Amino acid sequence: MFVRNDLLFLGLGILVPVCASMLVFLFVDAPPLRATELFFEGAFGSSQRMGDTLMIWVPLLLASSALIITFSAGMWNIGIEGQIIAGAVAASFVAREFEASTPVVLTAMIVAGLIGGMIWGGLAGLLRVRGGVNEIFGGLGLNFVATGLVVYLIMGPWSRRGIASTGGTEPFRPQAWFPTLDGLRVSPLSVLLAIGVLILVLWFLSRTSYGLRLRATGKNPLAASRFGIRTDAYLLLSFLLAGGVAGLAGVTQAAAVYHRLVPSISGGYGFLAILIVLLAGFRGQWILPIALFFAAVSMASFQWQLQLGLHSSLGGVIQGILVLSVLLLSGYRAISYMRKPISEEGDA
Amino acid sequence: MEAATVAIIIASSTPLVFAALGETLTEKSGVVNLSLDGSMLLSAMTGFASAYLSGSVEIGLCVAMFTSATVASVVAFAGIKLRLNQIAVGLVLTYFATKASALFGGDFVRKPGPSIQKMSIPGLEEIPFVGEAVFQQNPLVYLSIVLGFVLFVFMFKTRRGLDLHAIGDRPEAAFSRGINVNLQRYVYTILGGALVGLGGAAFSLDAKMGWSDGHIANYGWIALAIVIFGGWHPLRAMFGCYLFGLIQVSALELQPVLPDLAQVLPIAPFPLMIVALVFINLRVVHSVTDRLGSIGSLIRGRAPSGLGESFWPD
Amino acid sequence: MSLQLRSITKTFGPIVANDSLSLTIESGEIHGLLGENGAGKSTLAKVLSGFVSPDSGTVELDDEQLKLSSPSAAVSSGIGILHQEPLVFLDFSAVDNMLVGSPRDGNHTKDLAEEHLLKICEQFNFSIDPLIPVQKLSVGERQQLEIARLLWLGARVLILDEPTTAISGSQRENLFQTIRSLAEAGMSVIFVSHKLEEIQEICSRVTVLRQGRIMGTKHLPCPTSDLIDLMFDRELEPQGRKSSDSLGSICLELCGQKVTTHFESGKVDMTFRTGEIVGLAGLEGAGQRDLLRSIAGLDDTVTEGVFFRSRDIGDDSYIHRMQYGFHYLPADRGREGLVDGLTITEHVALASPQRSIATDWKLSREESKKIIDKFSIKGTPESVPASLSGGNQQRLLLGLIPDNPTVLLMEHPTRGLDIESAAWVWKYLMSLTEEGTTILFSSSDFDELMTYCDRIFVFFEGAIIQELASVEATTERLGSLLGGVK
Amino acid sequence: SDNDETESVSSEASEPFKLGLILVGPRDDNGWSQAHFEGASHAIEKVGGEMIVVDKVNPADSPNITVPQVVDDMIGQGAQLIIATSDDMKDGILEAAAAHPDVPMIHASGDSAWTDGKAYHSELPMLANIMGKMEYGKMIAGCAAALQSDTGRISYLGPLINDETRRLVSSTYLGAKHCWTEVAGKSASDLKFNVNWIGFWFNIPGVTLDPTVVANEFFASGTDVIVSGIDTTEAIVEAGKRASAGETVWAVPYDYEGSCSEAPSACLGVPYFNWGPSYLDAIESVSNGSFKATFQWLGPDWKDINDHDTSMIGFLKGDGLTSENSKELDKFTKALGDGSLNLWTGPLNYQDGSSFLGEGESATDLQIWYMPSLLEGMDGPAE
Ligand SMILES: Nc1ncnc2c1ncn2[C@@H]1O[C@H](COP(=O)(O)OP(=O)(O)OP(=O)(O)O)[C@@H](O)[C@H]1O
Ligand SMILES: Nc1ncnc2c1ncn2[C@@H]1O[C@H](COP(=O)(O)OP(=O)(O)OP(=O)(O)O)[C@@H](O)[C@H]1O
Ligand SMILES: [Mg+2]
Ligand SMILES: [Mg+2]
């Protein structure tokens with residue numbers, strides 16, 4: 001009967017958001033069918049479009065990978081936006097300062113982004129572990145600081161000649177652009193990077209002893225410490241790693257999407273990734289499809305605006321409805337199980 | 001600093017004050033409503049829209065309060081009844097409400113609409129400096145200030161305030177004393193939400209005079225931060241809001257002096273708040289504040305022990 | 001006035017905590033509830049005070065039936081309970097604590113509360129400043145505060161659940177004074193305790209529980225042995241472990257080690273030999289747990305003067321001591337022992353010292369399979385603690401003990417296990433001692449202590465009041481020592 | 001919300017003309033973007049065609065769409081002319097133009113097609129530029145401000161700093177100084193003119209300064225007229241709010257003809273762009289195949305600067321302006337028109353005191369377009 005229950009909830013989990021979305025379409029008087037059709041056209045209609053969808057998929061994947069690390073350690077890494085930005089800043093620094101062949105520059109940018117993100121993540125971790133500042137608060141603060149840093153760089157030291165605009169820096173030299181196949185905007189390199197990192201992270205968490213201890217720390221710090229784990233160190237580790245991975249998202253944003261540094265370089269993907277991971281129920285393997293779906297919705301949202309003249313934030317609303325309803329359903333499911341008599345305690 | 005500038009700081013901080021006070025109330029009861037950034041936007045939109053359509057500011061205020069009270073009740077329901085992680089729910093609602101405000105606010109962007117009129121307080125407004133700084137504002141501003149003190153009195157001087165602390169600090173003990181913990185948590189979460197909505201309306205019907213997409217983004221997060229910084233104390237939270245306004249304004253004054261930093265200074269409050277917290281958490285400082293008695297506890301500020309955890313009697 | 005319990009029954013899953021208990025308590029009587037750990041005393045107390053609703057049975061006060069649907073309902077119908085750890089609000093002042101939850105009417109104002117508190121203080125010579133934050137009060141004073149509150153709310157029946165386990169001698173005297181004068185004033189008092197001495201001292205009658213059933217009610221004073229007979233079923237004296245000659249060199253020394261319980265703490269100087277099994281007897285919170293934890297080197301305890309193989313390890317952390325082969329087995333499996341959400345295999349991997357970065361899951365899985373068979377755990381390598389019964393959780397904990405520990409520190413090693421498996425576990429543990437493991441364990445099971453120990457230390461109120469060679473140990477002896485009777 | 005439905009008008013032409021319009025802000029911002037939107041709609045109605053509009057194309061609002069991407073999609077949908085309407089889209093539109101060298105495109109406010117400009121891109125034969133000589137509009141605005149101001153303290157709510165904004169704020173100052181001294185006959189030293197920059201064309205929370213706060217601060221520090229240089233209407237809104245509270249303050253909004261409507265009584269008038277005619281020309285030249293990468297910097301039609309069919313730049317006087325000031329303003333406008341008054345005439349110095357124009361020398365288009373600094377007498381950063 002549990003199985004039947006599961007199926008029921010799975011069904012609801014799909015049905016409810018879909019119906020809700022349809023209602024929204026009707027509310028903004030858009031033809032639901034055409035909109036649905038455009039969803040597929042817009043996201044996968046042509047190789048070009050698929051490429052663009054992947055372009056959104058990449059930062060989402062990287063950010064989600066970062067988040068499952070901190071979630072595994074039981075931490076709310078709201079600071080991820082800042083970590084993405086920090087990575088982008090570090091990469092931009094390399095792109096601006098070093099003249100060299102593409103492979104060299106790109107490698108340097110990736111390493112720099114990794115480090116930049118780690119620094120920012122590490123800060124949040126330190127605040128939590130040493131400073132006793134709740135990671136949500138600390139992360140938030142660091143996000144604002146990171147934005148401040150970018151704006152300062154763009155308005156000050158890195159500003160365009162004679163210009164003081166938060167619009168962005170000069171575009172990087174072409175050597176600092178991620179290579180693309182012609183006709184496509186998305187860089188295969190960044191896609192490979194994202195998938196590779198996700199696999200690596202999942203491997204780390206599920207297969208290595210460090211990952212295991214990290215998860216133990218997240219699930220029950222006290223018991224974990226009884227197993228001889230230095231829980232503080234592992235909390236910090238989780239923030240460092242997450243920061244680094246998030247930093248990579250910053251690198252791809254700067255070097256493969258904007259080709260320059262802009263204040264909103266993180267594109268809010270860090271925050272969106274939190275929703276993705278919540279929806280995936282912290283299970284890594286689900287992140288690939290869900291992130292792809294979210295990317296597709298974002299693309300579709302653009303097509304809806306372009307072709308149906310709908311408001312650009314329609315996609316966001318639909319994503320929100322989806323996650324919210326699934327979350328509530330899961331909660332309802334949990335307590336409806338709890339009502340059942342607890343299985344026999346003790347043993348004879 | 002001229003009285004006029006002080007007046008601006010007070011006026012422009014008012015929405016924050018409402019939001020911070022509301023969240024303080026909610027969190028005192030042990031519930032974290034993390035959806036502020038979204039629900040403020042949404043209520044700012046609905047508030048303005050309804051005022052615009054009805055031509056009545058009062059209706060606008062009510063609708064705004066109703067809006068974020070509704071969002072808050074979702075947090076409460078999910079956190080208390082469904083026992084979901086309040087933070088998760090809050091974050092999702094933030095995102096949803098933000099996008100929804102933009103989507104459904106489309107028709108009202110930059111429409112000139114009704115707004116709250118200034119109302120100087122006869123007599124008081126003549127007081128040099130203070131008069132211009134404080135008593136030549138609009139009713140909402142006065143309300144926010146009064147509210148701060150009312151909440152202070154409520155929390156620290158009344159029986160119900162005592163119960164509020166009780167359910168936030170040690171729900172099981174409160175329950176054993178016959179207090180209906182979860183019912184009260186619902187009430188305070190929804191009340192707090194309503195205040196947050198008032199904050200949103202204070203933006204769209206006064207401070208910003210109108211609606212446009214995301215024009216008050218981030219203020220919700222700032223309010224949340226100020227709650228922590230304010231150590232869950234209404235007056236300290238209020239102080240935090242004004243401090244924030246002050247720093248924002250001084251940033252402008254500084255632009256001619258250090259043009260590069262002028263853009264950045266507005267975010268200065270954040271690092272400052274963090275540093276302040278870290279400092280307060282230092283063992284050394286603890287040992288001092290512990291001795292200072294009530295003032296010490298005001299400085300220390302403590303999160304309600306039961307914050308963010310759902311309670312159910314077995 | 002009298003309180004009448006009619007066939008109260010309360011079960012938790014399979015456990016029958018209270019088995020149709022019927023009991024009458026006269027007004028002005030101090031009635032003792034006696035029974036070993038898990039006998040059902042607290043459950044009964046909770047039923048009376050409205051914290052748990054009984055499956056069946058009724059309670060009558062002066063022949064009127066009470067509805068004890070909630071704690072506050074119980075209080076308003078005149079029954080108040082004083083918990084071992086008083087449920088007070090640490091940040092509040094004393095008066096505010098009295099105020100919380102009190103009815104909102106004219107005669108429950110802050111001033112009246114203060115007035116009342118001062119009156120009580122002076123009546124029973126407590127010394128509680130009404131405005132002091134409760135944090136600053138000792139456990140004993142917090143109890144006094146609670147008593148004052150319950151009286152203020154008009155309690156006519158007062159239940160005290162092990163009130164003396166956490167308070168100092170002087171405070172206890174004070175408490176007893178209070179209870180007596182309350183009884184004289186016509187109040188009914190139910191006094192839950194393990195401590196025979198105390199029961200003898202203040203109770204006029206005592207009811208003994210065992211496994212949820214009433215074994216009998218006696219008028220006091222009566223010979224302590226009778227009570228012990230009721231509390232524990234007599235076994236034929238099991239023979240101790242007569243192999244002290246096989247013991248090896250000195251392995252662990254404690255010099256002036258302080259046992260840090262929340263009240264007085266006694267100094268201990270003792271030495272343990274390789275291969276020795278030492279039992280720590282005592283009531284919950286009598287100090288044996290603290291001793292184990294401080295030997296393990298856990299954070300919240302004093303650990304100076306610990307010598308392992310005659311080298312001072314006082315400054316070494318818990319993690320450090322693990323490397324010496326120390327292993328600590330906590331009592332609270334759920335909170336402290338196992339990581340819920342991780343599978344058995346993962347626990348095994350966690351426990352085994354990993355060198356390589358990548359864990360060899362095959363190996364860990366094989367390992368966990370072995371443990372599952374060896375300790376006959378009802379579960380698969382993939383099952384998580386939550387899906388295991390208490391007994392199986394305990395087996396898992398035991399299974400996670402590293403191969404040859406030097407010092408094994410265990411709380412209630414066989415709690416929740418049935419006789420056979422307990423016996424089997426001990427066979428295993430003893431085989432460890434053959435390899436040279438020294439075992440210290442705390443237990444509330446006399447048979448266990450008497451059967452497997454070379455020596456037994458009996459704790460009472462944070463100090464060791466007696467050391468016994470297992471041959472000297474008998475149920476009576478232990479029972480009375482536990483109650484503090486030498 | 002159907003306010004942003006795609007415009008489409010049936011036409012007798014075989015297949016209707018398709019115009020792609022890329023806006024940086026929302027199409028209903030009562031400012032820069034709305035001016036473009038309505039200009040383009042006007043033009044497209046005239047020829048009876050369709051328009052594909054994407055608004056809020058900037059990294060903050062639409063992180064996942066870039067200009068080249070939008071252009072591709074528009075061309076994919078058969079757009080025959082693409083108009084990118086922000087200086088912020090410079091890099092994007094250049095990239096797109098390079099990708100589609102044969103598709104007619106316009107970058108409004110760019111200079112890539114200016115043969116003697118600093119950023120001439122000879123390799124892009126189909127990327128034209130259109131911009132209006134808003135300098136005149138701003139001069140009139142400055143004059144109106146100076147005439148109406150009692151305190152003589154005028155503040156300019158600046159967006160970001162670049163050549164364009166420098167020349168516009170300078171023009172405002174020139175207009176103000178002239179009318180303060182020559183018309184109102186007050187002493188130059190009593191005129192205080194300062195500028196604060198928010199950092200972008202419109203408010204981006206957390207990134208730019210908040211224009212509302214800036215405007216407030218202006219008024220608090222004694223300013224009684226704000227001249228807005230940003231795409232949106234915060235200045236006039238604030239002025240209206242204070243005016244309704246009884247203060248004597250005004251503002252001059254910018255870009256869009258209708259923007260006084262947010263607070264008519266506090267509005268001294270608005271210098272605005274009228275993109276309709278120029279966009280119409282462009283569309284027609286595309287249809288008859290004569291479109292070329294030209295650089296057009298169009299001034300007002302002095303016969304009637306508010307003529308919707310002919311004048312690129314207009315100034316619509318607001319209710320805040322007193323009738324006599326309004327008369328003076330007309331005189332000033334006329335003088336500008338008949339050439340009797342050229343405010344770009346020396347002697348003029350830069351902020352740092354170095355000379356911009358010598359005695360009697362008047363500025364060339366190049367000097368004005370690439371204004372390197374602010375003028376002597378203005379307070380505020382120049383980069
Ligand atoms: N605006 C806010 N106001 C108060 N608390 C907040 C706010 N934002 C986040 N929080 C914190 O979120 C916490 C719940 O999430 P989380 O589990 O991360 O807490 P935590 O860091 O584990 O708390 P602890 O301090 O006990 O470690 C709440 O305890 C609360 O301290
Ligand atoms: N909430 C509960 N859930 C499940 N079982 C419980 C619960 N409370 C008590 N029990 C079980 O009921 C039995 C009686 O428990 P109770 O606490 O009444 O014993 P006790 O006599 O108070 O023991 P002690 O002397 O250690 O306090 C024990 O087996 C205990 O495990
Ligand atoms: Mg946590
Ligand atoms: Mg008990």
# chains A, B, ... in the order shown; residues from 1 in each chain; ligands from 1
call {"tool": "interface_residues", "arguments": {"of": "chain D", "to": "chain B", "cutoff": "9 Å", "atoms": "only C-alpha atoms", "output": "PyMOL selection string"}}
result
chain D and resi 1-4+26+28-30+196-199+203-209+212-214+216-217+219-221+232-234+237-238+241-242+244-245+261-263+379-381+383
call {"tool": "interface_residues", "arguments": {"of": "chain A", "to": "chain B", "cutoff": "6 Å", "atoms": "only C-alpha atoms", "output": "PyMOL selection string"}}
result
chain A and resi 131+141+148+156+313+316-317+320+331-332
call {"tool": "write_last_selection", "arguments": {"atoms": "all heavy atoms", "output": "PDB file, in the first residue's frame"}}
result
ATOM      1  N   GLY A 131      33.112  32.294  14.140  1.00  0.00           N
ATOM      2  CA  GLY A 131      32.486  33.554  14.560  1.00  0.00           C
ATOM      3  C   GLY A 131      31.117  33.379  15.181  1.00  0.00           C
ATOM      4  O   GLY A 131      30.541  34.328  15.694  1.00  0.00           O
ATOM      5  N   GLY A 141      25.243  38.394   3.906  1.00  0.00           N
ATOM      6  CA  GLY A 141      26.123  39.544   3.982  1.00  0.00           C
ATOM      7  C   GLY A 141      27.211  39.467   2.926  1.00  0.00           C
ATOM      8  O   GLY A 141      27.429  40.412   2.167  1.00  0.00           O
ATOM      9  N   GLY A 148      29.195  44.404  -4.035  1.00  0.00           N
ATOM     10  CA  GLY A 148      29.898  45.666  -3.833  1.00  0.00           C
ATOM     11  C   GLY A 148      31.275  45.636  -4.470  1.00  0.00           C
ATOM     12  O   GLY A 148      31.668  46.563  -5.186  1.00  0.00           O
ATOM     13  N   GLY A 156      35.612  51.485 -10.745  1.00  0.00           N
ATOM     14  CA  GLY A 156      36.918  52.069 -10.429  1.00  0.00           C
ATOM     15  C   GLY A 156      38.040  51.486 -11.260  1.00  0.00           C
ATOM     16  O   GLY A 156      38.147  51.735 -12.464  1.00  0.00           O
ATOM     17  N   SER A 313       8.765  37.422 -16.520  1.00  0.00           N
ATOM     18  CA  SER A 313       8.941  36.670 -15.272  1.00  0.00           C
ATOM     19  C   SER A 313       7.956  35.512 -15.152  1.00  0.00           C
ATOM     20  O   SER A 313       7.855  34.882 -14.105  1.00  0.00           O
ATOM     21  CB  SER A 313       8.767  37.613 -14.082  1.00  0.00           C
ATOM     22  OG  SER A 313       7.527  38.260 -14.184  1.00  0.00           O
ATOM     23  N   GLY A 316       9.647  32.266 -14.199  1.00  0.00           N
ATOM     24  CA  GLY A 316      10.001  32.190 -12.786  1.00  0.00           C
ATOM     25  C   GLY A 316       8.813  31.767 -11.944  1.00  0.00           C
ATOM     26  O   GLY A 316       8.914  30.912 -11.067  1.00  0.00           O
ATOM     27  N   VAL A 317       7.642  32.353 -12.245  1.00  0.00           N
ATOM     28  CA  VAL A 317       6.444  32.007 -11.475  1.00  0.00           C
ATOM     29  C   VAL A 317       6.184  30.512 -11.564  1.00  0.00           C
ATOM     30  O   VAL A 317       5.929  29.840 -10.560  1.00  0.00           O
ATOM     31  CB  VAL A 317       5.229  32.793 -12.001  1.00  0.00           C
ATOM     32  CG1 VAL A 317       3.954  32.284 -11.361  1.00  0.00           C
ATOM     33  CG2 VAL A 317       5.413  34.267 -11.730  1.00  0.00           C
ATOM     34  N   GLY A 320       8.551  28.574  -9.525  1.00  0.00           N
ATOM     35  CA  GLY A 320       8.189  28.704  -8.115  1.00  0.00           C
ATOM     36  C   GLY A 320       7.038  27.793  -7.746  1.00  0.00           C
ATOM     37  O   GLY A 320       7.112  27.025  -6.791  1.00  0.00           O
ATOM     38  N   GLY A 331       5.722  17.265   2.280  1.00  0.00           N
ATOM     39  CA  GLY A 331       5.451  17.422   3.709  1.00  0.00           C
ATOM     40  C   GLY A 331       4.181  16.688   4.097  1.00  0.00           C
ATOM     41  O   GLY A 331       4.146  15.921   5.061  1.00  0.00           O
ATOM     42  N   TYR A 332       3.146  16.852   3.274  1.00  0.00           N
ATOM     43  CA  TYR A 332       1.870  16.204   3.572  1.00  0.00           C
ATOM     44  C   TYR A 332       2.064  14.689   3.603  1.00  0.00           C
ATOM     45  O   TYR A 332       1.606  14.001   4.511  1.00  0.00           O
ATOM     46  CB  TYR A 332       0.839  16.586   2.519  1.00  0.00           C
ATOM     47  CG  TYR A 332      -0.501  15.937   2.771  1.00  0.00           C
ATOM     48  CD1 TYR A 332      -1.303  16.373   3.826  1.00  0.00           C
ATOM     49  CD2 TYR A 332      -0.935  14.881   1.998  1.00  0.00           C
ATOM     50  CE1 TYR A 332      -2.510  15.769   4.086  1.00  0.00           C
ATOM     51  CE2 TYR A 332      -2.150  14.271   2.253  1.00  0.00           C
ATOM     52  CZ  TYR A 332      -2.938  14.717   3.305  1.00  0.00           C
ATOM     53  OH  TYR A 332      -4.112  14.108   3.565  1.00  0.00           O
TER      54      TYR A 332
END
call {"tool": "interface_residues", "arguments": {"of": "chain B", "to": "chain C", "cutoff": "10 Å", "atoms": "only C-alpha atoms", "output": "number ranges by chain"}}
result
B: 158-166, 169-180, 293, 297, 302, 313-314
call {"tool": "residues_around", "arguments": {"residues": "range 248-250 of chain C", "least_positions_apart": "5", "cutoff": "6 Å", "atoms": "only C-alpha atoms", "output": "tab-separated table (two decimals) with N, CA and C atoms, in the first residue's frame"}}
result
chain	number	residue	atom	x	y	z
C	272	PHE	N	43.32	0.03	36.73
C	272	PHE	CA	42.66	-1.06	36.02
C	272	PHE	C	43.72	-1.86	35.29
C	273	ARG	N	43.52	-3.18	35.28
C	273	ARG	CA	44.57	-4.03	34.70
C	273	ARG	C	44.14	-4.50	33.32
C	274	THR	N	45.11	-4.86	32.54
C	274	THR	CA	44.81	-5.39	31.20
C	274	THR	C	43.93	-6.62	31.34
call {"tool": "atom_distance", "arguments": {"atom1": "CA of Gly399 in chain C", "atom2": "CA of Gly341 in chain C"}}
result
18.0 Å
call {"tool": "residues_around", "arguments": {"residues": "Leu248 in chain A", "least_positions_apart": "5", "cutoff": "7 Å", "atoms": "only C-alpha atoms", "output": "PyMOL selection string"}}
result
chain A and resi 87+110+113-114
call {"tool": "write_last_selection", "arguments": {"atoms": "N, CA, C and O atoms", "output": "PDB file, in the first residue's frame"}}
result
ATOM      1  N   GLY A  87      34.242  33.926  -7.912  1.00  0.00           N
ATOM      2  CA  GLY A  87      34.920  33.156  -8.953  1.00  0.00           C
ATOM      3  C   GLY A  87      35.060  33.966 -10.227  1.00  0.00           C
ATOM      4  O   GLY A  87      36.131  34.014 -10.843  1.00  0.00           O
ATOM      5  N   ILE A 110      40.270  29.135 -14.869  1.00  0.00           N
ATOM      6  CA  ILE A 110      39.525  28.125 -14.107  1.00  0.00           C
ATOM      7  C   ILE A 110      40.110  27.984 -12.712  1.00  0.00           C
ATOM      8  O   ILE A 110      39.397  28.030 -11.703  1.00  0.00           O
ATOM      9  N   GLY A 113      39.272  31.032 -10.678  1.00  0.00           N
ATOM     10  CA  GLY A 113      37.873  31.028 -10.269  1.00  0.00           C
ATOM     11  C   GLY A 113      37.659  30.083  -9.095  1.00  0.00           C
ATOM     12  O   GLY A 113      36.987  30.416  -8.118  1.00  0.00           O
ATOM     13  N   LEU A 114      38.285  28.927  -9.202  1.00  0.00           N
ATOM     14  CA  LEU A 114      38.175  27.935  -8.123  1.00  0.00           C
ATOM     15  C   LEU A 114      38.629  28.552  -6.801  1.00  0.00           C
ATOM     16  O   LEU A 114      37.919  28.527  -5.799  1.00  0.00           O
TER      17      LEU A 114
END
call {"tool": "residues_around", "arguments": {"residues": "range 229-231 of chain D", "least_positions_apart": "5", "cutoff": "6 Å", "atoms": "only C-alpha atoms", "output": "PyMOL selection string"}}
result
chain D and resi 31-32+157-159+201-202
call {"tool": "closest_atom_pairs", "arguments": {"of": "chain C", "to": "ligand 4", "cutoff": "9 Å", "atoms": "only C-alpha atoms and all ligand atoms", "output": "Markdown table"}}
result
| residue | atom | partner | partner_atom_place_in_ligand_line | distance |
| --- | --- | --- | --- | --- |
| C:Asn37 | CA | ligand 4 | 1 (Mg) | 7.1 |
| C:Gly38 | CA | ligand 4 | 1 (Mg) | 7.0 |
| C:Ala39 | CA | ligand 4 | 1 (Mg) | 8.2 |
| C:Gly40 | CA | ligand 4 | 1 (Mg) | 7.1 |
| C:Lys41 | CA | ligand 4 | 1 (Mg) | 5.7 |
| C:Ser42 | CA | ligand 4 | 1 (Mg) | 4.0 |
| C:Thr43 | CA | ligand 4 | 1 (Mg) | 7.1 |
| C:Ala45 | CA | ligand 4 | 1 (Mg) | 8.6 |
| C:Gln84 | CA | ligand 4 | 1 (Mg) | 8.3 |
| C:Asp161 | CA | ligand 4 | 1 (Mg) | 6.7 |
| C:Glu162 | CA | ligand 4 | 1 (Mg) | 7.1 |
| C:Val192 | CA | ligand 4 | 1 (Mg) | 8.0 |
| C:Ser193 | CA | ligand 4 | 1 (Mg) | 8.4 |
call {"tool": "residues_near_ligand", "arguments": {"ligand": "ligand 3", "cutoff": "9 Å", "atoms": "only C-alpha atoms and all ligand atoms", "output": "PyMOL selection string"}}
result
chain A and resi 73-76+134-135+218
call {"tool": "select_by_dssp", "arguments": {"residues": "range 2-182 of chain D", "states": "helix (DSSP H, G or I)", "output": "PyMOL selection string"}}
result
chain D and resi 2-4+32-47+67-76+87-99+134-148+163-182
call {"tool": "atom_distance", "arguments": {"atom1": "CA of Val47 in chain D", "atom2": "CA of Ser278 in chain D"}}
result
13.2 Å
call {"tool": "interface_residues", "arguments": {"of": "chain A", "to": "chain D", "cutoff": "6 Å", "atoms": "only C-alpha atoms", "output": "list in words"}}
result
Val28, Gly162, Ile163, Ala164, Ser165, Thr166, Ser264, Gly267 and Gly309 of chain A
call {"tool": "write_last_selection", "arguments": {"atoms": "all heavy atoms", "output": "short mmCIF file (atom, residue, chain, number, x, y, z; two decimals), in the first residue's frame"}}
result
data_model
loop_
_atom_site.label_atom_id
_atom_site.label_comp_id
_atom_site.auth_asym_id
_atom_site.auth_seq_id
_atom_site.Cartn_x
_atom_site.Cartn_y
_atom_site.Cartn_z
N VAL A 28 -2.98 35.20 -17.47
CA VAL A 28 -2.31 36.24 -18.29
C VAL A 28 -2.77 36.10 -19.75
O VAL A 28 -2.03 36.44 -20.68
CB VAL A 28 -0.77 36.11 -18.22
CG1 VAL A 28 -0.29 36.31 -16.81
CG2 VAL A 28 -0.32 34.74 -18.74
N GLY A 162 37.30 56.63 -19.59
CA GLY A 162 36.39 57.77 -19.64
C GLY A 162 34.97 57.43 -19.29
O GLY A 162 34.06 58.24 -19.43
N ILE A 163 34.74 56.20 -18.85
CA ILE A 163 33.38 55.79 -18.54
C ILE A 163 33.29 55.33 -17.09
O ILE A 163 34.21 54.68 -16.59
CB ILE A 163 32.94 54.62 -19.46
CG1 ILE A 163 32.96 55.08 -20.92
CG2 ILE A 163 31.56 54.11 -19.07
CD1 ILE A 163 32.53 54.02 -21.89
N ALA A 164 32.23 55.69 -16.40
CA ALA A 164 31.97 55.13 -15.08
C ALA A 164 30.54 54.59 -15.11
O ALA A 164 29.59 55.32 -14.87
CB ALA A 164 32.13 56.19 -14.01
N SER A 165 30.44 53.32 -15.48
CA SER A 165 29.13 52.72 -15.60
C SER A 165 29.15 51.34 -14.98
O SER A 165 30.15 50.63 -15.08
CB SER A 165 28.74 52.57 -17.08
OG SER A 165 27.72 51.60 -17.21
N THR A 166 28.05 50.97 -14.32
CA THR A 166 27.99 49.61 -13.77
C THR A 166 27.64 48.62 -14.87
O THR A 166 27.38 47.45 -14.61
CB THR A 166 26.92 49.52 -12.67
OG1 THR A 166 25.68 49.96 -13.22
CG2 THR A 166 27.30 50.38 -11.49
N SER A 264 25.82 41.74 -12.28
CA SER A 264 24.89 40.64 -12.01
C SER A 264 25.39 39.36 -12.67
O SER A 264 24.60 38.58 -13.22
CB SER A 264 23.51 41.00 -12.54
OG SER A 264 23.63 41.49 -13.85
N GLY A 267 23.73 36.04 -12.21
CA GLY A 267 22.46 35.82 -12.87
C GLY A 267 21.39 35.20 -11.99
O GLY A 267 20.41 34.67 -12.48
N GLY A 309 4.36 37.87 -26.44
CA GLY A 309 4.37 39.15 -25.74
C GLY A 309 4.06 39.01 -24.27
O GLY A 309 3.58 39.93 -23.62
#
